[in-house]
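Dumped protein.cif below, it's mmCIF, C-alpha atoms and all ligand atoms:
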data_model
#
loop_
_atom_site.label_atom_id
_atom_site.label_comp_id
_atom_site.auth_asym_id
_atom_site.auth_seq_id
_atom_site.Cartn_x
_atom_site.Cartn_y
_atom_site.Cartn_z
CA MET A 1 3.18 19.13 -10.96
CA GLY A 2 1.91 18.14 -7.50
CA LEU A 3 -0.62 15.65 -6.22
CA SER A 4 -4.14 17.03 -6.43
CA LYS A 5 -5.26 15.12 -3.32
CA LYS A 6 -5.01 16.19 0.33
CA ASP A 7 -4.11 12.79 1.82
CA ILE A 8 -2.31 9.52 1.10
CA LEU A 9 -4.52 6.87 2.70
CA ASP A 10 -4.20 3.74 0.59
CA ILE A 11 -3.02 2.42 -2.76
CA GLU A 12 -6.56 2.02 -4.13
CA SER A 13 -7.04 5.79 -4.25
CA LEU A 14 -3.82 6.43 -6.22
CA SER A 15 -3.92 6.28 -10.01
CA VAL A 16 -1.15 4.72 -12.10
CA GLU A 17 -0.07 8.26 -13.07
CA GLU A 18 0.06 9.36 -9.43
CA ILE A 19 2.14 6.32 -8.46
CA GLU A 20 4.53 7.04 -11.33
CA LEU A 21 4.76 10.70 -10.26
CA ILE A 22 5.64 9.67 -6.68
CA LEU A 23 8.26 7.16 -7.86
CA ASP A 24 9.80 9.62 -10.36
CA THR A 25 9.94 12.35 -7.72
CA ALA A 26 11.48 9.96 -5.19
CA GLU A 27 14.13 8.96 -7.73
CA SER A 28 15.15 12.57 -8.26
CA LEU A 29 15.06 13.48 -4.53
CA LYS A 30 17.13 10.43 -3.53
CA GLU A 31 20.32 12.22 -4.52
CA ILE A 32 19.88 14.77 -1.71
CA SER A 33 20.61 12.03 0.84
CA THR A 34 24.07 11.48 -0.69
CA ARG A 35 25.20 15.13 -0.40
CA PRO A 36 27.58 16.33 2.33
CA ILE A 37 24.83 18.76 3.44
CA LYS A 38 21.70 16.62 3.24
CA LYS A 39 19.13 19.41 3.30
CA VAL A 40 17.14 21.58 0.89
CA PRO A 41 14.83 24.48 1.89
CA THR A 42 11.73 23.22 0.02
CA LEU A 43 9.40 22.75 3.02
CA ARG A 44 10.80 25.47 5.27
CA GLY A 45 8.03 26.76 7.55
CA LYS A 46 5.91 23.58 7.25
CA THR A 47 5.06 21.53 10.35
CA ILE A 48 4.70 17.76 10.29
CA VAL A 49 3.36 15.70 13.20
CA ASN A 50 4.43 12.04 13.39
CA PHE A 51 1.72 10.34 15.42
CA PHE A 52 2.51 6.70 16.14
CA TYR A 53 0.05 4.56 18.14
CA GLU A 54 2.08 1.43 17.31
CA PRO A 55 5.83 0.74 17.46
CA SER A 56 7.95 1.57 14.43
CA THR A 57 11.62 1.87 13.57
CA ARG A 58 11.82 2.28 9.78
CA THR A 59 8.63 4.21 8.98
CA ARG A 60 8.81 6.68 11.82
CA THR A 61 12.53 7.38 11.45
CA SER A 62 12.37 7.72 7.68
CA PHE A 63 9.41 10.15 7.83
CA GLU A 64 11.34 12.21 10.38
CA ILE A 65 14.52 12.17 8.25
CA ALA A 66 12.55 12.89 5.06
CA ALA A 67 10.88 15.93 6.63
CA LYS A 68 14.16 17.26 8.02
CA ARG A 69 15.95 16.82 4.68
CA LEU A 70 13.25 19.09 3.20
CA SER A 71 13.67 21.59 6.11
CA ALA A 72 10.21 21.01 7.61
CA ASP A 73 9.73 21.19 11.39
CA THR A 74 8.74 17.85 12.93
CA VAL A 75 7.05 16.77 16.14
CA GLY A 76 6.88 13.13 17.19
CA ILE A 77 4.12 11.73 19.42
CA SER A 78 3.94 8.18 20.75
CA ALA A 79 0.68 6.85 22.15
CA SER A 80 2.40 5.80 25.39
CA ALA A 81 3.70 9.33 26.02
CA SER A 82 0.51 11.18 25.04
CA SER A 83 -2.87 11.86 26.66
CA ILE A 84 -4.22 8.74 24.94
CA VAL A 85 -3.07 6.86 28.06
CA LYS A 86 -5.47 9.10 30.03
CA GLY A 87 -8.34 8.01 27.80
CA GLU A 88 -8.43 10.77 25.16
CA THR A 89 -10.13 9.58 21.98
CA LEU A 90 -8.68 9.74 18.47
CA VAL A 91 -11.34 12.33 17.54
CA ASP A 92 -10.43 14.63 20.45
CA THR A 93 -6.73 14.09 19.80
CA ALA A 94 -7.25 15.03 16.15
CA ARG A 95 -9.18 18.19 17.03
CA ASN A 96 -6.48 19.28 19.47
CA LEU A 97 -3.69 18.63 16.97
CA GLU A 98 -5.63 20.54 14.32
CA ALA A 99 -5.87 23.54 16.67
CA MET A 100 -2.06 23.77 16.46
CA ASN A 101 -2.29 24.08 12.66
CA PRO A 102 0.13 21.41 11.40
CA ASP A 103 0.52 20.98 7.63
CA ALA A 104 0.64 17.18 7.72
CA ILE A 105 -0.09 14.38 10.18
CA VAL A 106 1.60 11.01 9.65
CA ILE A 107 -0.37 8.38 11.54
CA ARG A 108 0.15 4.74 12.44
CA HIS A 109 -2.73 3.13 14.31
CA LYS A 110 -3.76 -0.38 15.32
CA SER A 111 -7.27 0.07 13.91
CA ALA A 112 -8.08 -0.19 10.21
CA GLY A 113 -9.70 3.03 9.03
CA ALA A 114 -8.08 5.31 11.63
CA ALA A 115 -6.20 7.35 8.99
CA HIS A 116 -9.37 7.75 6.90
CA MET A 117 -11.27 8.97 9.95
CA LEU A 118 -8.53 11.44 10.86
CA ALA A 119 -8.41 12.76 7.28
CA GLY A 120 -12.09 13.66 7.51
CA LEU A 121 -11.55 15.62 10.73
CA VAL A 122 -8.55 17.82 9.92
CA ASP A 123 -7.47 20.26 7.22
CA ALA A 124 -3.87 18.99 7.43
CA SER A 125 -2.73 16.35 4.95
CA VAL A 126 -2.97 12.88 6.51
CA ILE A 127 -0.51 10.16 5.52
CA ASN A 128 -1.35 6.61 6.52
CA SER A 129 1.78 4.89 7.79
CA GLY A 130 -0.04 1.68 8.66
CA ASP A 131 -3.60 1.12 9.95
CA GLY A 132 -4.26 -2.27 11.49
CA MET A 133 -4.38 -5.03 8.90
CA HIS A 134 -5.67 -2.64 6.23
CA ALA A 135 -3.00 -0.60 4.43
CA HIS A 136 0.60 0.58 4.43
CA PRO A 137 0.74 2.61 1.22
CA THR A 138 4.17 4.19 1.70
CA GLN A 139 5.69 0.72 2.22
CA ALA A 140 4.19 -0.44 -1.09
CA LEU A 141 5.50 2.69 -2.83
CA LEU A 142 9.04 2.20 -1.52
CA ASP A 143 8.88 -1.48 -2.50
CA MET A 144 7.78 -0.52 -6.02
CA MET A 145 10.54 2.07 -6.20
CA THR A 146 13.12 -0.56 -5.21
CA VAL A 147 11.95 -3.06 -7.81
CA ARG A 148 11.72 -0.41 -10.57
CA GLU A 149 15.23 0.81 -9.68
CA LYS A 150 16.69 -2.71 -9.89
CA LYS A 151 14.65 -4.13 -12.79
CA GLY A 152 13.91 -0.99 -14.80
CA ARG A 153 10.16 -1.73 -14.84
CA LEU A 154 7.27 -3.16 -12.87
CA SER A 155 5.09 -4.51 -15.64
CA ALA A 156 5.06 -8.24 -16.42
CA LEU A 157 7.31 -9.12 -13.47
CA ARG A 158 6.32 -12.14 -11.38
CA VAL A 159 6.09 -10.98 -7.75
CA ALA A 160 5.61 -13.66 -5.07
CA ILE A 161 4.32 -12.40 -1.71
CA ILE A 162 4.75 -15.12 0.91
CA GLY A 163 3.79 -15.64 4.54
CA ASP A 164 1.24 -14.19 6.93
CA ILE A 165 -1.03 -12.68 4.27
CA ALA A 166 -4.04 -12.57 6.60
CA HIS A 167 -2.53 -10.11 9.07
CA SER A 168 -0.38 -8.10 6.68
CA ARG A 169 -1.24 -4.56 5.58
CA VAL A 170 1.98 -4.72 3.52
CA ALA A 171 0.64 -7.72 1.58
CA ARG A 172 -2.62 -5.90 0.80
CA SER A 173 -0.97 -2.67 -0.30
CA ASN A 174 1.72 -4.43 -2.33
CA THR A 175 -0.73 -6.79 -4.05
CA LEU A 176 -2.87 -3.83 -5.11
CA GLY A 177 0.11 -1.62 -5.99
CA PHE A 178 2.18 -4.07 -8.02
CA GLY A 179 -1.00 -5.34 -9.67
CA LYS A 180 -2.03 -1.80 -10.63
CA MET A 181 1.40 -1.26 -12.21
CA GLY A 182 1.09 -4.37 -14.39
CA ALA A 183 3.05 -6.94 -12.37
CA ASN A 184 1.81 -10.52 -11.97
CA VAL A 185 1.40 -11.03 -8.23
CA ILE A 186 1.04 -14.47 -6.63
CA LEU A 187 0.31 -14.91 -2.91
CA ALA A 188 1.38 -17.89 -0.79
CA GLY A 189 1.14 -18.99 2.82
CA PRO A 190 -0.27 -21.63 5.14
CA PRO A 191 -4.05 -22.10 4.97
CA THR A 192 -4.41 -20.49 8.42
CA MET A 193 -2.78 -17.30 7.12
CA ILE A 194 -4.70 -16.94 3.86
CA PRO A 195 -7.77 -14.82 4.65
CA ARG A 196 -11.30 -15.50 3.50
CA GLY A 197 -12.16 -13.28 0.55
CA ILE A 198 -8.55 -13.12 -0.64
CA GLU A 199 -9.88 -13.26 -4.23
CA ALA A 200 -10.92 -9.61 -3.82
CA LEU A 201 -7.24 -8.63 -3.98
CA GLY A 202 -7.21 -9.79 -7.59
CA ALA A 203 -4.17 -12.08 -7.34
CA PRO A 204 -3.99 -15.91 -7.42
CA PHE A 205 -2.89 -17.73 -4.26
CA THR A 206 -1.34 -21.06 -3.35
CA TYR A 207 -0.52 -22.95 -0.15
CA HIS A 208 2.74 -24.16 -1.72
CA VAL A 209 5.75 -21.85 -1.41
CA ALA A 210 7.68 -23.61 -4.21
CA GLU A 211 4.81 -22.94 -6.62
CA ALA A 212 4.87 -19.21 -5.81
CA ILE A 213 8.66 -18.99 -6.03
CA LYS A 214 8.89 -20.79 -9.39
CA ASP A 215 10.28 -18.31 -11.96
CA ALA A 216 9.72 -15.35 -9.61
CA ASP A 217 11.47 -12.06 -10.42
CA VAL A 218 10.76 -10.74 -6.94
CA ILE A 219 10.05 -12.52 -3.64
CA ILE A 220 8.57 -10.44 -0.81
CA MET A 221 8.66 -12.33 2.49
CA LEU A 222 6.26 -11.23 5.22
CA ARG A 223 6.84 -11.04 8.93
CA ILE A 224 4.91 -13.48 11.10
CA GLN A 225 2.70 -11.01 12.96
CA LYS A 226 2.52 -12.68 16.36
CA GLU A 227 0.98 -9.56 17.92
CA ARG A 228 -2.08 -9.78 15.64
CA GLN A 229 -2.60 -13.54 15.48
CA GLY A 230 -4.47 -14.04 18.77
CA GLY A 231 -3.53 -17.74 18.91
CA TYR A 232 -1.19 -20.25 17.35
CA LEU A 233 -1.66 -20.50 13.58
CA PHE A 234 1.24 -22.94 13.16
CA PRO A 235 2.69 -25.62 15.47
CA SER A 236 6.11 -24.04 16.06
CA GLU A 237 8.48 -21.52 14.54
CA ARG A 238 10.83 -24.39 13.59
CA GLU A 239 8.08 -26.08 11.58
CA TYR A 240 7.01 -22.80 10.00
CA ALA A 241 10.60 -22.21 8.88
CA GLN A 242 10.77 -25.74 7.45
CA CYS A 243 7.51 -25.48 5.49
CA TYR A 244 7.31 -21.79 4.54
CA GLY A 245 10.62 -20.08 5.35
CA LEU A 246 12.81 -18.72 2.55
CA THR A 247 16.05 -20.67 2.30
CA THR A 248 18.86 -20.79 -0.27
CA GLU A 249 17.48 -24.12 -1.50
CA ARG A 250 14.04 -22.65 -2.11
CA ILE A 251 15.42 -19.62 -3.99
CA ALA A 252 16.85 -22.00 -6.60
CA GLY A 253 13.39 -22.24 -8.17
CA ALA A 254 13.23 -18.49 -8.86
CA LYS A 255 14.82 -16.52 -11.72
CA GLU A 256 18.61 -16.19 -11.56
CA ASP A 257 18.43 -12.45 -10.85
CA VAL A 258 15.61 -12.66 -8.30
CA LEU A 259 15.23 -9.85 -5.75
CA ILE A 260 14.60 -10.86 -2.14
CA MET A 261 12.61 -8.32 -0.12
CA HIS A 262 11.18 -8.00 3.38
CA PRO A 263 9.47 -4.94 4.91
CA GLY A 264 11.09 -5.54 8.31
CA PRO A 265 11.37 -6.15 11.13
CA ILE A 266 12.67 -9.65 10.31
CA ASN A 267 12.12 -12.78 12.38
CA ARG A 268 15.50 -14.27 11.43
CA GLY A 269 15.39 -18.03 10.98
CA VAL A 270 11.57 -18.07 10.86
CA GLU A 271 10.18 -16.55 7.63
CA ILE A 272 13.65 -15.96 6.18
CA ALA A 273 17.02 -17.64 6.78
CA PRO A 274 19.76 -15.24 7.95
CA ASP A 275 22.04 -16.10 5.01
CA VAL A 276 19.21 -15.22 2.60
CA ALA A 277 18.35 -11.95 4.39
CA ASP A 278 22.01 -10.91 4.21
CA GLY A 279 22.80 -12.66 0.91
CA PRO A 280 23.53 -11.48 -2.63
CA TYR A 281 19.89 -11.36 -3.79
CA SER A 282 18.68 -9.35 -0.82
CA VAL A 283 17.65 -5.72 -1.37
CA ILE A 284 16.20 -5.29 2.11
CA LEU A 285 18.44 -2.36 3.04
CA ASP A 286 17.81 -0.74 -0.37
CA GLN A 287 14.13 -0.79 0.61
CA VAL A 288 14.98 1.10 3.79
CA ALA A 289 17.06 3.69 1.91
CA ASN A 290 14.27 4.18 -0.61
CA GLY A 291 11.82 4.67 2.25
CA VAL A 292 13.42 8.05 2.92
CA ALA A 293 13.23 9.04 -0.76
CA VAL A 294 9.59 7.98 -1.17
CA ARG A 295 8.55 9.81 1.99
CA MET A 296 10.42 12.94 0.87
CA ALA A 297 8.53 12.71 -2.43
CA ILE A 298 5.14 12.36 -0.72
CA LEU A 299 5.77 15.27 1.65
CA TYR A 300 7.05 17.40 -1.23
CA LEU A 301 4.11 16.56 -3.53
CA LEU A 302 1.49 17.13 -0.80
CA LEU A 303 2.97 20.23 0.83
CA GLY A 304 5.39 21.72 -1.70
CA GLY A 305 2.91 23.75 -3.74
CA PRO A 306 -0.64 25.10 -3.72
CA ARG A 307 -3.15 22.30 -3.18
N1 LIG A 401 8.19 -1.80 7.46
C1 LIG A 401 7.79 -1.14 8.57
O1 LIG A 401 6.68 -0.59 8.61
O2 LIG A 401 8.70 -1.15 9.60
P1 LIG A 401 8.47 -0.41 10.99
O3 LIG A 401 7.35 -1.12 11.70
O4 LIG A 401 9.77 -0.50 11.72
O5 LIG A 401 8.08 1.02 10.70
#
Using the file provided, produce a representation of the structure as structure tokens.
Ligand code: CP
Amino acid sequence: MGLSKKDILDIESLSVEEIELILDTAESLKEISTRPIKKVPTLRGKTIVNFFYEPSTRTRTSFEIAAKRLSADTVGISASASSIVKGETLVDTARNLEAMNPDAIVIRHKSAGAAHMLAGLVDASVINSGDGMHAHPTQALLDMMTVREKKGRLSALRVAIIGDIAHSRVARSNTLGFGKMGANVILAGPPTMIPRGIEALGAPFTYHVAEAIKDADVIIMLRIQKERQGGYLFPSEREYAQCYGLTTERIAGAKEDVLIMHPGPINRGVEIAPDVADGPYSVILDQVANGVAVRMAILYLLLGGPR
């Protein structure tokens, strides 16, 4: 069974069954990455373009590795090394890429809606790997995979998402994804980082970190997104760490087997203390490993059979 859709653009457009199919497929494909020869011929002859208008370490590398492990050919384009610097528009760029007949385009863009627009312009599958403050669906899928792997389920877990909610596409996608799969999500952050209209995400919120952490099964800390804030939303990093950072003392309020997660990159000592990021409850590097498996699953389900 494959996915019946052409693109992966956001969590809203995935059904519970489709999310389960992606997670199940990722679980079975994960084993390939542990073999001495980490490659299967499944997507031989397919071409995947990784088109990144914004910096990325984890997402870009894991899409590239995922494609190569499935034997697809990959091409990477950065905005700074493309004709975008000469003023070419996204529409013209899309039309020119389409003329080269790729099978999939993975796009990260600073503007919300860029992946949706691209999907309407090309026959290739489009995978949104982060569009502005809107969505990062593959991050939410790898986070759900990590929690399901560790806890055996997603339903009825208390998932606290803490930090810069206003600027975080990860917060939006995870709130919708975990909520769709039956988890109880609670959001927390300083008033300046809780957006207007947050109620639309369907999760309760609090300005008090301790309240969100209380009895949590999972804590997802968010990066302070200085590049999107356009001004100071808190007095200093030291004060942010004191009031909202995740420390060993704060974790004491959560369940004994709590999972600590962070999408990366981490501002060590700001939203999360180094000893917590590297500590016994942290599954941050498991998230990264599962990123390869989830992206293999998505490429396989979109390109591996007749659409
Ligand atoms: N989590 C995430 O999207 O990391 P990168 O920005 O490094 O891809």
Query raised in the report: Hey, which residues come within 12 Å of ligand LIG 401 (chain A) if we count all atoms listed in the file? Could you give them as an MDAnalysis selection string?
Result: chainID A and resid 50 52:64 106:110 128:133 135:143 168:171 173 220:223 225 261:266 284:285 287:292
Now that the selection is made, can you save its residues with C-alpha atoms as a JSON list (two decimals), in the frame of the given file?
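Okay, this is what ended up in result02.json:
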[["chain", "number", "residue", "atom", "x", "y", "z"],
["A", 50, "ASN", "CA", 4.43, 12.04, 13.39],
["A", 52, "PHE", "CA", 2.51, 6.70, 16.14],
["A", 53, "TYR", "CA", 0.05, 4.56, 18.14],
["A", 54, "GLU", "CA", 2.08, 1.43, 17.31],
["A", 55, "PRO", "CA", 5.83, 0.74, 17.46],
["A", 56, "SER", "CA", 7.95, 1.57, 14.43],
["A", 57, "THR", "CA", 11.62, 1.87, 13.57],
["A", 58, "ARG", "CA", 11.82, 2.28, 9.78],
["A", 59, "THR", "CA", 8.63, 4.21, 8.98],
["A", 60, "ARG", "CA", 8.81, 6.68, 11.82],
["A", 61, "THR", "CA", 12.53, 7.38, 11.45],
["A", 62, "SER", "CA", 12.37, 7.72, 7.68],
["A", 63, "PHE", "CA", 9.41, 10.15, 7.83],
["A", 64, "GLU", "CA", 11.34, 12.21, 10.38],
["A", 106, "VAL", "CA", 1.60, 11.01, 9.65],
["A", 107, "ILE", "CA", -0.37, 8.38, 11.54],
["A", 108, "ARG", "CA", 0.15, 4.74, 12.44],
["A", 109, "HIS", "CA", -2.73, 3.13, 14.31],
["A", 110, "LYS", "CA", -3.76, -0.38, 15.32],
["A", 128, "ASN", "CA", -1.35, 6.61, 6.52],
["A", 129, "SER", "CA", 1.78, 4.89, 7.79],
["A", 130, "GLY", "CA", -0.04, 1.68, 8.66],
["A", 131, "ASP", "CA", -3.60, 1.12, 9.95],
["A", 132, "GLY", "CA", -4.26, -2.27, 11.49],
["A", 133, "MET", "CA", -4.38, -5.03, 8.90],
["A", 135, "ALA", "CA", -3.00, -0.60, 4.43],
["A", 136, "HIS", "CA", 0.60, 0.58, 4.43],
["A", 137, "PRO", "CA", 0.74, 2.61, 1.22],
["A", 138, "THR", "CA", 4.17, 4.19, 1.70],
["A", 139, "GLN", "CA", 5.69, 0.72, 2.22],
["A", 140, "ALA", "CA", 4.19, -0.44, -1.09],
["A", 141, "LEU", "CA", 5.50, 2.69, -2.83],
["A", 142, "LEU", "CA", 9.04, 2.20, -1.52],
["A", 143, "ASP", "CA", 8.88, -1.48, -2.50],
["A", 168, "SER", "CA", -0.38, -8.10, 6.68],
["A", 169, "ARG", "CA", -1.24, -4.56, 5.58],
["A", 170, "VAL", "CA", 1.98, -4.72, 3.52],
["A", 171, "ALA", "CA", 0.64, -7.72, 1.58],
["A", 173, "SER", "CA", -0.97, -2.67, -0.30],
["A", 220, "ILE", "CA", 8.57, -10.44, -0.81],
["A", 221, "MET", "CA", 8.66, -12.33, 2.49],
["A", 222, "LEU", "CA", 6.26, -11.23, 5.22],
["A", 223, "ARG", "CA", 6.84, -11.04, 8.93],
["A", 225, "GLN", "CA", 2.70, -11.01, 12.96],
["A", 261, "MET", "CA", 12.61, -8.32, -0.12],
["A", 262, "HIS", "CA", 11.18, -8.00, 3.38],
["A", 263, "PRO", "CA", 9.47, -4.94, 4.91],
["A", 264, "GLY", "CA", 11.09, -5.54, 8.31],
["A", 265, "PRO", "CA", 11.37, -6.15, 11.13],
["A", 266, "ILE", "CA", 12.67, -9.65, 10.31],
["A", 284, "ILE", "CA", 16.20, -5.29, 2.11],
["A", 285, "LEU", "CA", 18.44, -2.36, 3.04],
["A", 287, "GLN", "CA", 14.13, -0.79, 0.61],
["A", 288, "VAL", "CA", 14.98, 1.10, 3.79],
["A", 289, "ALA", "CA", 17.06, 3.69, 1.91],
["A", 290, "ASN", "CA", 14.27, 4.18, -0.61],
["A", 291, "GLY", "CA", 11.82, 4.67, 2.25],
["A", 292, "VAL", "CA", 13.42, 8.05, 2.92]]
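Distances from A:Leu97, A:Ala252, A:Ala79, A:Ile272 to A:Tyr240 were compared using only C-alpha atoms, and the smallest one belongs to A:Ile272.
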Do you have, as a tab-separated table, the list of residues of stretch 80-182 of chain A lying at most 7 Å from stretch 191-212 of chain A, each with its nearest atom pair and that distance in Å to one decimal, counting all atoms listed in the file and ordered by chain then number?
residue	atom	partner	partner_atom	distance
A:Ala160	CA	A:Ala212	CA	5.6
A:Asp164	CA	A:Met193	CA	5.1
A:Ile165	CA	A:Ile194	CA	5.6
A:Ala166	CA	A:Pro195	CA	4.8
A:Thr175	CA	A:Leu201	CA	6.8
A:Leu176	CA	A:Leu201	CA	6.6
Pull C-alpha atoms from the residues just selected and write them as a PDB file, keeping the file's coordinate frame.
ATOM      1  CA  ALA A 160       5.610 -13.660  -5.070  1.00  0.00           C
ATOM      2  CA  ASP A 164       1.240 -14.190   6.930  1.00  0.00           C
ATOM      3  CA  ILE A 165      -1.030 -12.680   4.270  1.00  0.00           C
ATOM      4  CA  ALA A 166      -4.040 -12.570   6.600  1.00  0.00           C
ATOM      5  CA  THR A 175      -0.730  -6.790  -4.050  1.00  0.00           C
ATOM      6  CA  LEU A 176      -2.870  -3.830  -5.110  1.00  0.00           C
TER       7      LEU A 176
END
Report summary line: Restricting to only C-alpha atoms, whichever of A:Asp286, A:Asp103, A:Glu256, A:Glu98 is closest to A:Asp73 is A:Asp103
Query - Distance of atom CA of A:Ala114 from atom CA of A:Ala293, expressed in Å to one decimal place - result: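 Computing the Euclidean distance for atom CA of A:Ala293 and atom CA of A:Ala114 yields 24.9 Å.
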**Report entry** Selected residue of minimal separation from A:Ile260 among A:Asp217, A:Cys243, A:Lys226, A:Ser15, counting all atoms listed in the file
**Finding:**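 Answer, going by the shortest atom-to-atom distance: A:Asp217.
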Query - Spatial neighbours of A:Ala104, max dist 10 Å, all atoms listed in the file, sep filter under 2 positions, as a ChimeraX atom specification - result: /A:6-7,46-50,74,98,101-102,106-107,122-127,299,302-303
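Closest approach to A:Ala26 among A:Ala273, A:Ala66, A:Leu157, A:Ala188: A:Ala66, based on only C-alpha atoms.
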Query raised in the report: Which residue, A:Met144, A:Val276, A:Ala241, A:Ile37, has the smallest gap to A:Ile11 when you use only C-alpha atoms?
Result: A:Met144
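Here atom CA of A:Gly45 stands at a distance of 21.1 Å from atom CA of A:Ala94.
Distances to A:Gln242 were evaluated for A:Gly120, A:Gly269, A:Pro41, A:Gly279 using only C-alpha atoms, and the minimum falls at A:Gly269.
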Set the distance at 8 Å and use all atoms listed in the file: which residues neighbour A:Ala297 once local chain neighbours fewer than 4 positions away are removed? I'd like the list as a CSV table (one decimal) with C-alpha atoms, in the frame of the given file.
chain,number,residue,atom,x,y,z
A,22,ILE,CA,5.6,9.7,-6.7
A,23,LEU,CA,8.3,7.2,-7.9
A,25,THR,CA,9.9,12.4,-7.7
A,26,ALA,CA,11.5,10.0,-5.2
A,29,LEU,CA,15.1,13.5,-4.5
A,293,ALA,CA,13.2,9.0,-0.8
A,301,LEU,CA,4.1,16.6,-3.5
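Atom CA of A:Val270 sits 6.9 Å away from atom CA of A:Arg238.
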**Report entry** Long-range neighbours of A:Phe178 as a ChimeraX atom specification, 9 Å cut-off, all atoms listed in the file, 6 positions minimum in chain
**Finding:** /A:140,144,154-155,159,184-185
Written selection (C-alpha atoms) as a CSV table (one decimal), in the frame of the given file:
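Okay, this is what ended up in again.csv:
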chain,number,residue,atom,x,y,z
A,140,ALA,CA,4.2,-0.4,-1.1
A,144,MET,CA,7.8,-0.5,-6.0
A,154,LEU,CA,7.3,-3.2,-12.9
A,155,SER,CA,5.1,-4.5,-15.6
A,159,VAL,CA,6.1,-11.0,-7.8
A,184,ASN,CA,1.8,-10.5,-12.0
A,185,VAL,CA,1.4,-11.0,-8.2
Please complete stretch 207-220 of chain A with N, CA, C and O atoms and give it back as a compact mmCIF listing (two decimals), keeping the file's coordinate frame.
# COMPACT_ATOMS: atom_id res chain seq x y z
N TYR A 207 -1.03 -22.57 -1.47
CA TYR A 207 -0.52 -22.95 -0.15
C TYR A 207 0.90 -23.49 -0.26
O TYR A 207 1.51 -23.86 0.74
N HIS A 208 1.43 -23.54 -1.49
CA HIS A 208 2.74 -24.16 -1.72
C HIS A 208 3.77 -23.09 -2.09
O HIS A 208 3.68 -22.46 -3.15
N VAL A 209 4.74 -22.90 -1.21
CA VAL A 209 5.75 -21.85 -1.41
C VAL A 209 6.52 -22.08 -2.71
O VAL A 209 6.78 -21.12 -3.46
N ALA A 210 6.88 -23.33 -3.00
CA ALA A 210 7.68 -23.61 -4.21
C ALA A 210 6.94 -23.17 -5.47
O ALA A 210 7.56 -22.67 -6.42
N GLU A 211 5.61 -23.34 -5.45
CA GLU A 211 4.81 -22.94 -6.62
C GLU A 211 4.86 -21.42 -6.81
O GLU A 211 4.99 -20.93 -7.94
N ALA A 212 4.81 -20.68 -5.71
CA ALA A 212 4.87 -19.21 -5.81
C ALA A 212 6.25 -18.74 -6.26
O ALA A 212 6.39 -17.80 -7.04
N ILE A 213 7.28 -19.42 -5.75
CA ILE A 213 8.66 -18.99 -6.03
C ILE A 213 9.07 -19.32 -7.47
O ILE A 213 9.91 -18.61 -8.05
N LYS A 214 8.46 -20.34 -8.05
CA LYS A 214 8.89 -20.79 -9.39
C LYS A 214 8.90 -19.62 -10.38
O LYS A 214 7.88 -18.96 -10.59
N ASP A 215 10.08 -19.36 -10.95
CA ASP A 215 10.28 -18.31 -11.96
C ASP A 215 9.97 -16.89 -11.46
O ASP A 215 9.74 -15.99 -12.27
N ALA A 216 10.01 -16.70 -10.15
CA ALA A 216 9.72 -15.35 -9.61
C ALA A 216 10.87 -14.39 -9.94
O ALA A 216 12.04 -14.75 -9.88
N ASP A 217 10.49 -13.15 -10.27
CA ASP A 217 11.47 -12.06 -10.42
C ASP A 217 11.72 -11.39 -9.08
O ASP A 217 12.78 -10.82 -8.85
N VAL A 218 10.70 -11.41 -8.24
CA VAL A 218 10.76 -10.74 -6.94
C VAL A 218 10.07 -11.64 -5.92
O VAL A 218 8.99 -12.18 -6.19
N ILE A 219 10.71 -11.80 -4.74
CA ILE A 219 10.05 -12.52 -3.64
C ILE A 219 9.98 -11.56 -2.45
O ILE A 219 11.00 -11.06 -1.98
N ILE A 220 8.76 -11.29 -2.00
CA ILE A 220 8.57 -10.44 -0.81
C ILE A 220 8.13 -11.35 0.33
O ILE A 220 7.05 -11.94 0.30
